[in-house]
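Peer 1: Before I ask anything, let me first share the structure, which is written out below as C-alpha cells.
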Amino acid sequence: DGTFQKRVYGGYSDKSGTVTGNKVTITGGTFQDHVYGGAGGDNGSAYTAQNFAANNNTVTIAGGTFSGNIYGGVTHANLPPLNSSIKASSSGKNIVTITRGRVGGLREDNSTVDSTIYGGYAHGTNKTVETGNTINLGSKDGAYAADLTHVTLYGGATTADGNTLNVKAKNITVKGVHNFQSYKFFLTDQVNAGDTMLTLTDPNGFDYQTVDFNAANFGLDTERMSNRQVAGTVTLIDASRTNGLVFRSYDPIAASAVTLTNGDYEYSMRTNTN
C-alpha cells in the first residue's frame with residue numbers, strides 16, 4: 001500500500017536494446033501516474049530503427065487505484081529507410097491482466113479522470129509493439145472485482161494485428177474496446193443464463209471495423225465449465241448504450257443456422273441488431 005506519484009516500470013531502457021520479459025504485479029496502493037510493463041526510450045531521445053524493442057512484458061492489476069494509463073509495452077523507434085541495411089527492431093506480445101482494483105474515475109481531489117489500457121503503444125513509425133498483445137479481464141476461475149467504468153481498452157494504439165481481448169468474467173463495464181483482432185469469452189460456472197459479460201458505454205465503443213464475425217475472431221470457451229447444462233442466452237457484449245454491434249462480415253441467417261461446439265457444449269452466436 002501507499003501512494004506512488006511517479007511512473008512505475010517493470011523494465012526500462014533509454015538506450016538501444018530490448019526490454020523483454022518484465023513483470024509488474026500490483027495488489028494495492030494509489031498510483032497517480034502511468035504503469036508500464038516494459039518501455040524503451042521514453043525520454044524524448046531520437047527515434048532510431050535499431051532502438052527500443054519491448055516484448056513479452058506483463059502487467060497484472062489485482063488491486064489498487066490508478067489515475068494514469070496502463071501499458072503492456074511502449075517503444076520509441078522508427079522503421080529504417082528504404083534499401084537500408086539496418087534491420088528494424090521487432091516488438092509485441094505484451095500482456096495486461098485486470099482482476100481487481102479501480103482504474104480511472106474519482107481521484108483524491110474529487111476530480112474524475114478517464115484512463116486507457118494499452119496492450120502496446122508505439123511512438124515512431126515502427127508499430128510492431130502494437131501487435132500480438134493480449135488484455136485479460138478477470139481471472140481464470142471467473143472472478144472479477146475491478147472498476148473499469150472510466151477506461152477504454154486498446155490492443156494496440158493504432159493497429160489490431162494479432163491483438164486479443166479475453167473476457168473471463170461477467171458484469172464487466174468499460175467505455176470502449178478498440179484495435180483487437182480477436183475477442184474470446186470464457187464461460188465458467190459463475191456465468192448463468194441471462195448474464196452479461198462485457199458492457200460498453202461510449203458511443204462507437206466497439207471497433208467493429210477490425211473484427212470479422214467468425215469463430216476464429218469472435219469465440220467462446222467452455223472448458224472451465226462443469227458438466228451442468230446452461231439453457232438460455234448469455235450476452236457476450238452489450239453495446240445497447242452505444243451505436244450497437246456491427247461486424248465487418250456478418251450474415252444473420254448463417255449465424256442463426258450454424259451450431260458450434262466447444263467441449264461438451266453446443267452453441268450459436270448472433271447479434272440482436274441484425
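Chain identifiers are assigned as A, B, and so on, following the order in which chains appear in the C-alpha cells; residues are numbered from 1 within each chain, and ligands are numbered from 1 in order of appearance.
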Using only C-alpha atoms, which residues sit within 7 Å of range 33-42 of chain A once same-chain residues fewer than 2 positions away are excluded, as JSON, numbers by chain?
Peer 2: {"A": [5, 6, 7, 8, 9, 10, 11, 12, 13, 14, 15, 19, 20, 22, 23, 24, 31, 44, 45, 52, 53, 54, 57, 58, 59, 67, 68, 69, 70, 71, 72, 73, 74, 75, 76]}
Peer 1: Suppose we keep N, CA, C and O atoms; can you now write the selection as a short mmCIF file (atom, residue, chain, number, x, y, z; two decimals), in the first residue's frame?
Peer 2:
data_model
loop_
_atom_site.label_atom_id
_atom_site.label_comp_id
_atom_site.auth_asym_id
_atom_site.auth_seq_id
_atom_site.Cartn_x
_atom_site.Cartn_y
_atom_site.Cartn_z
N GLN A 5 3.61 8.63 -6.70
CA GLN A 5 3.37 9.79 -7.54
C GLN A 5 4.06 9.68 -8.90
O GLN A 5 3.66 10.37 -9.84
N LYS A 6 5.07 8.83 -9.01
CA LYS A 6 5.83 8.72 -10.25
C LYS A 6 5.43 7.46 -11.03
O LYS A 6 4.74 6.59 -10.54
N ARG A 7 5.91 7.39 -12.26
CA ARG A 7 5.61 6.26 -13.12
C ARG A 7 6.23 4.97 -12.57
O ARG A 7 7.28 4.99 -11.94
N VAL A 8 5.57 3.85 -12.89
CA VAL A 8 6.05 2.54 -12.47
C VAL A 8 6.42 1.75 -13.73
O VAL A 8 5.62 1.63 -14.66
N TYR A 9 7.64 1.20 -13.76
CA TYR A 9 8.13 0.42 -14.89
C TYR A 9 8.54 -0.97 -14.42
O TYR A 9 9.27 -1.11 -13.43
N GLY A 10 8.11 -2.00 -15.18
CA GLY A 10 8.69 -3.32 -14.95
C GLY A 10 10.09 -3.39 -15.51
O GLY A 10 11.00 -3.96 -14.91
N GLY A 11 10.29 -2.80 -16.68
CA GLY A 11 11.61 -2.69 -17.30
C GLY A 11 11.67 -1.43 -18.13
O GLY A 11 10.67 -1.00 -18.72
N TYR A 12 12.87 -0.81 -18.18
CA TYR A 12 13.00 0.47 -18.89
C TYR A 12 14.41 0.59 -19.46
O TYR A 12 15.39 0.20 -18.82
N SER A 13 14.49 1.12 -20.68
CA SER A 13 15.78 1.40 -21.29
C SER A 13 15.69 2.72 -22.03
O SER A 13 14.76 2.94 -22.79
N ASP A 14 16.65 3.61 -21.78
CA ASP A 14 16.70 4.86 -22.54
C ASP A 14 17.82 4.81 -23.58
O ASP A 14 18.19 5.82 -24.16
N LYS A 15 18.35 3.61 -23.82
CA LYS A 15 19.37 3.41 -24.83
C LYS A 15 18.92 2.26 -25.75
O LYS A 15 17.88 1.66 -25.55
N VAL A 19 13.67 -4.47 -24.17
CA VAL A 19 13.05 -4.57 -22.85
C VAL A 19 12.07 -5.73 -22.92
O VAL A 19 11.02 -5.63 -23.54
N THR A 20 12.44 -6.85 -22.33
CA THR A 20 11.66 -8.07 -22.56
C THR A 20 11.49 -8.87 -21.27
O THR A 20 12.37 -8.87 -20.40
N ASN A 22 9.65 -8.60 -18.61
CA ASN A 22 9.49 -7.96 -17.31
C ASN A 22 8.06 -8.14 -16.79
O ASN A 22 7.12 -8.28 -17.57
N LYS A 23 7.91 -8.12 -15.46
CA LYS A 23 6.61 -8.35 -14.85
C LYS A 23 6.32 -7.28 -13.79
O LYS A 23 7.16 -7.01 -12.93
N VAL A 24 5.13 -6.72 -13.87
CA VAL A 24 4.64 -5.80 -12.84
C VAL A 24 3.37 -6.42 -12.27
O VAL A 24 2.43 -6.72 -13.00
N PHE A 31 -1.83 4.97 -7.29
CA PHE A 31 -0.84 5.26 -8.34
C PHE A 31 -1.34 6.45 -9.15
O PHE A 31 -2.37 6.38 -9.81
N GLY A 44 12.31 11.17 -24.69
CA GLY A 44 12.45 12.21 -25.70
C GLY A 44 13.66 12.06 -26.58
O GLY A 44 13.97 12.96 -27.37
N SER A 45 14.36 10.93 -26.48
CA SER A 45 15.54 10.74 -27.31
C SER A 45 15.14 10.49 -28.76
O SER A 45 14.00 10.16 -29.07
N PHE A 52 15.11 0.20 -29.08
CA PHE A 52 13.90 0.14 -28.29
C PHE A 52 12.86 -0.87 -28.76
O PHE A 52 11.86 -0.51 -29.36
N ALA A 53 13.13 -2.12 -28.47
CA ALA A 53 12.12 -3.17 -28.63
C ALA A 53 11.55 -3.50 -27.26
O ALA A 53 12.26 -3.50 -26.25
N ALA A 54 10.26 -3.77 -27.21
CA ALA A 54 9.60 -4.16 -25.96
C ALA A 54 8.66 -5.32 -26.25
O ALA A 54 7.69 -5.17 -26.99
N ASN A 57 6.33 -8.50 -22.09
CA ASN A 57 6.20 -7.90 -20.75
C ASN A 57 4.78 -8.07 -20.25
O ASN A 57 3.83 -8.15 -21.05
N THR A 58 4.61 -8.14 -18.93
CA THR A 58 3.27 -8.35 -18.37
C THR A 58 2.99 -7.35 -17.26
O THR A 58 3.88 -6.98 -16.48
N VAL A 59 1.75 -6.92 -17.21
CA VAL A 59 1.23 -6.11 -16.11
C VAL A 59 0.01 -6.82 -15.55
O VAL A 59 -0.93 -7.13 -16.30
N SER A 67 -4.70 6.53 -11.49
CA SER A 67 -5.16 7.73 -12.18
C SER A 67 -4.57 7.87 -13.57
O SER A 67 -5.05 8.68 -14.37
N GLY A 68 -3.52 7.12 -13.86
CA GLY A 68 -2.88 7.20 -15.17
C GLY A 68 -3.32 6.08 -16.08
O GLY A 68 -4.32 5.40 -15.84
N ASN A 69 -2.56 5.88 -17.15
CA ASN A 69 -2.81 4.79 -18.09
C ASN A 69 -1.99 3.57 -17.72
O ASN A 69 -1.02 3.66 -16.96
N ILE A 70 -2.35 2.43 -18.30
CA ILE A 70 -1.60 1.19 -18.11
C ILE A 70 -1.17 0.68 -19.48
O ILE A 70 -1.99 0.58 -20.40
N TYR A 71 0.13 0.38 -19.61
CA TYR A 71 0.71 -0.05 -20.88
C TYR A 71 1.40 -1.40 -20.69
O TYR A 71 2.22 -1.56 -19.78
N GLY A 72 1.13 -2.34 -21.59
CA GLY A 72 1.92 -3.57 -21.60
C GLY A 72 3.33 -3.31 -22.09
O GLY A 72 4.31 -3.68 -21.46
N GLY A 73 3.45 -2.66 -23.26
CA GLY A 73 4.76 -2.33 -23.82
C GLY A 73 4.71 -1.04 -24.59
O GLY A 73 3.71 -0.72 -25.24
N VAL A 74 5.80 -0.26 -24.53
CA VAL A 74 5.91 1.02 -25.23
C VAL A 74 7.29 1.09 -25.88
O VAL A 74 8.30 0.72 -25.27
N THR A 75 7.33 1.56 -27.13
CA THR A 75 8.62 1.76 -27.80
C THR A 75 8.69 3.14 -28.44
O THR A 75 7.67 3.75 -28.77
N HIS A 76 9.91 3.62 -28.60
CA HIS A 76 10.23 4.80 -29.41
C HIS A 76 11.20 4.33 -30.49
O HIS A 76 12.40 4.20 -30.25
#
Peer 1: Can you tell me, as a PyMOL selection string, which residues in range 45-268 of chain A count as strand (DSSP E) by DSSP?
Peer 2: chain A and resi 53-55+58-66+70-76+95-103+105-106+112-113+115-123+134-137+145-147+151-156+164-167+172-174+176-178+182-188+196-200+218-224+235-238+260-262+265-267
Peer 1: With only C-alpha atoms as the basis for distance, which of A:Gly21, A:Gly132, A:Gly219, A:Gly104 is at the shortest distance from Leu236 in chain A?
Peer 2: A:Gly219
Peer 1: Interatomic distance between CA of Asn126 in chain A and CA of Ile86 in chain A?
Peer 2: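 About the pair CA of Asn126 in chain A and CA of Ile86 in chain A: they are 13.0 Å apart.
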Peer 1: With only C-alpha atoms as the counted atoms, please give the residues lying no more than 8 Å from Asp221 in chain A, apart from itself and same-chain residues fewer than 6 positions off, as a PyMOL selection string.
Peer 2: chain A and resi 184-187+262
Peer 1: One decimal, Å: what's the distance from CA of Asn56 in chain A over to CA of Thr199 in chain A, could you say?
Peer 2: 28.4 Å
Peer 1: Any idea what's packed within 8 Å of Gly120 in chain A, counting only C-alpha atoms, ignoring anything in its chain fewer than 2 positions away? Could you give it as a ChimeraX atom specification?
Peer 2: /A:71-74,92,94,118,122,129-131,133,154-157
Peer 1: Would you save the residues from that selection as a compact mmCIF listing (two decimals), in the first residue's frame, using C-alpha atoms?
Peer 2:
# COMPACT_ATOMS: atom_id res chain seq x y z
CA TYR A 71 0.71 -0.05 -20.88
CA GLY A 72 1.92 -3.57 -21.60
CA GLY A 73 4.76 -2.33 -23.82
CA VAL A 74 5.91 1.02 -25.23
CA GLY A 92 4.87 -7.10 -29.24
CA ASN A 94 2.78 -7.97 -24.16
CA TYR A 118 -2.97 -0.37 -23.99
CA ALA A 122 4.37 2.87 -30.42
CA VAL A 129 4.92 -3.24 -30.34
CA GLU A 130 1.23 -2.76 -31.08
CA THR A 131 0.84 -6.32 -32.45
CA ASN A 133 -0.75 -8.26 -27.45
CA TYR A 154 -6.78 -0.75 -26.93
CA GLY A 155 -4.97 -3.89 -28.10
CA GLY A 156 -2.62 -1.57 -30.00
CA ALA A 157 -2.79 2.19 -30.08
Peer 1: Ranking A:Arg270, A:Lys175, A:Lys168, A:Arg102 by minimum distance to Phe218 in chain A and counting only C-alpha atoms, which one comes first?
Peer 2: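 Nearest to Phe218 in chain A: A:Arg270.
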Peer 1: In terms of the shortest atom-to-atom distance over only C-alpha atoms, which of A:Asn192, A:Thr18, A:Asn136, A:Thr60 is closest to Leu153 in chain A?
Peer 2: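 Closest residue, counting only C-alpha atoms: A:Asn136.
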Peer 1: How many Å lie between CA of Thr164 in chain A and CA of Lys87 in chain A, rounded to one decimal?
Peer 2: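 Straight-line distance from CA of Thr164 in chain A to CA of Lys87 in chain A works out to 27.0 Å.
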Peer 1: Do you know which residues are at most 12 Å from Gly232 in chain A counting only C-alpha atoms, after dropping those on the same chain fewer than 4 positions away, and could you put them as a ChimeraX atom specification?
Peer 2: /A:191-195,266-268
Peer 1: Could the residues in this selection be saved with N, CA, C and O atoms as a compact mmCIF listing (two decimals), in the first residue's frame?
Peer 2:
# COMPACT_ATOMS: atom_id res chain seq x y z
N VAL A 191 -21.04 -17.90 -14.61
CA VAL A 191 -21.85 -17.24 -15.64
C VAL A 191 -23.11 -18.06 -15.85
O VAL A 191 -23.05 -19.26 -16.16
N ASN A 192 -24.27 -17.42 -15.68
CA ASN A 192 -25.55 -18.10 -15.81
C ASN A 192 -26.35 -17.53 -16.96
O ASN A 192 -26.06 -16.45 -17.49
N ALA A 193 -27.37 -18.27 -17.37
CA ALA A 193 -28.27 -17.78 -18.40
C ALA A 193 -28.86 -16.44 -17.97
O ALA A 193 -29.27 -16.26 -16.83
N GLY A 194 -28.86 -15.48 -18.90
CA GLY A 194 -29.35 -14.14 -18.61
C GLY A 194 -28.27 -13.16 -18.20
O GLY A 194 -28.53 -11.95 -18.12
N ASP A 195 -27.05 -13.63 -17.93
CA ASP A 195 -25.96 -12.74 -17.53
C ASP A 195 -25.37 -12.01 -18.74
O ASP A 195 -25.48 -12.46 -19.88
N GLU A 266 -22.78 -27.21 -27.11
CA GLU A 266 -23.14 -26.69 -28.43
C GLU A 266 -23.72 -25.30 -28.24
O GLU A 266 -24.44 -25.03 -27.27
N TYR A 267 -23.44 -24.42 -29.17
CA TYR A 267 -23.94 -23.06 -29.04
C TYR A 267 -23.98 -22.39 -30.40
O TYR A 267 -23.38 -22.85 -31.38
N SER A 268 -24.68 -21.29 -30.48
CA SER A 268 -24.68 -20.44 -31.66
C SER A 268 -24.52 -19.01 -31.19
O SER A 268 -24.87 -18.66 -30.05
Peer 1: So, counting only C-alpha atoms, which residue among A:Gly205, A:Pro81, A:Gly28, A:Gly63 is closest to Thr97 in chain A?
Peer 2: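 Between A:Gly205, A:Pro81, A:Gly28, A:Gly63, the residue approaching Thr97 in chain A most closely is A:Gly63.
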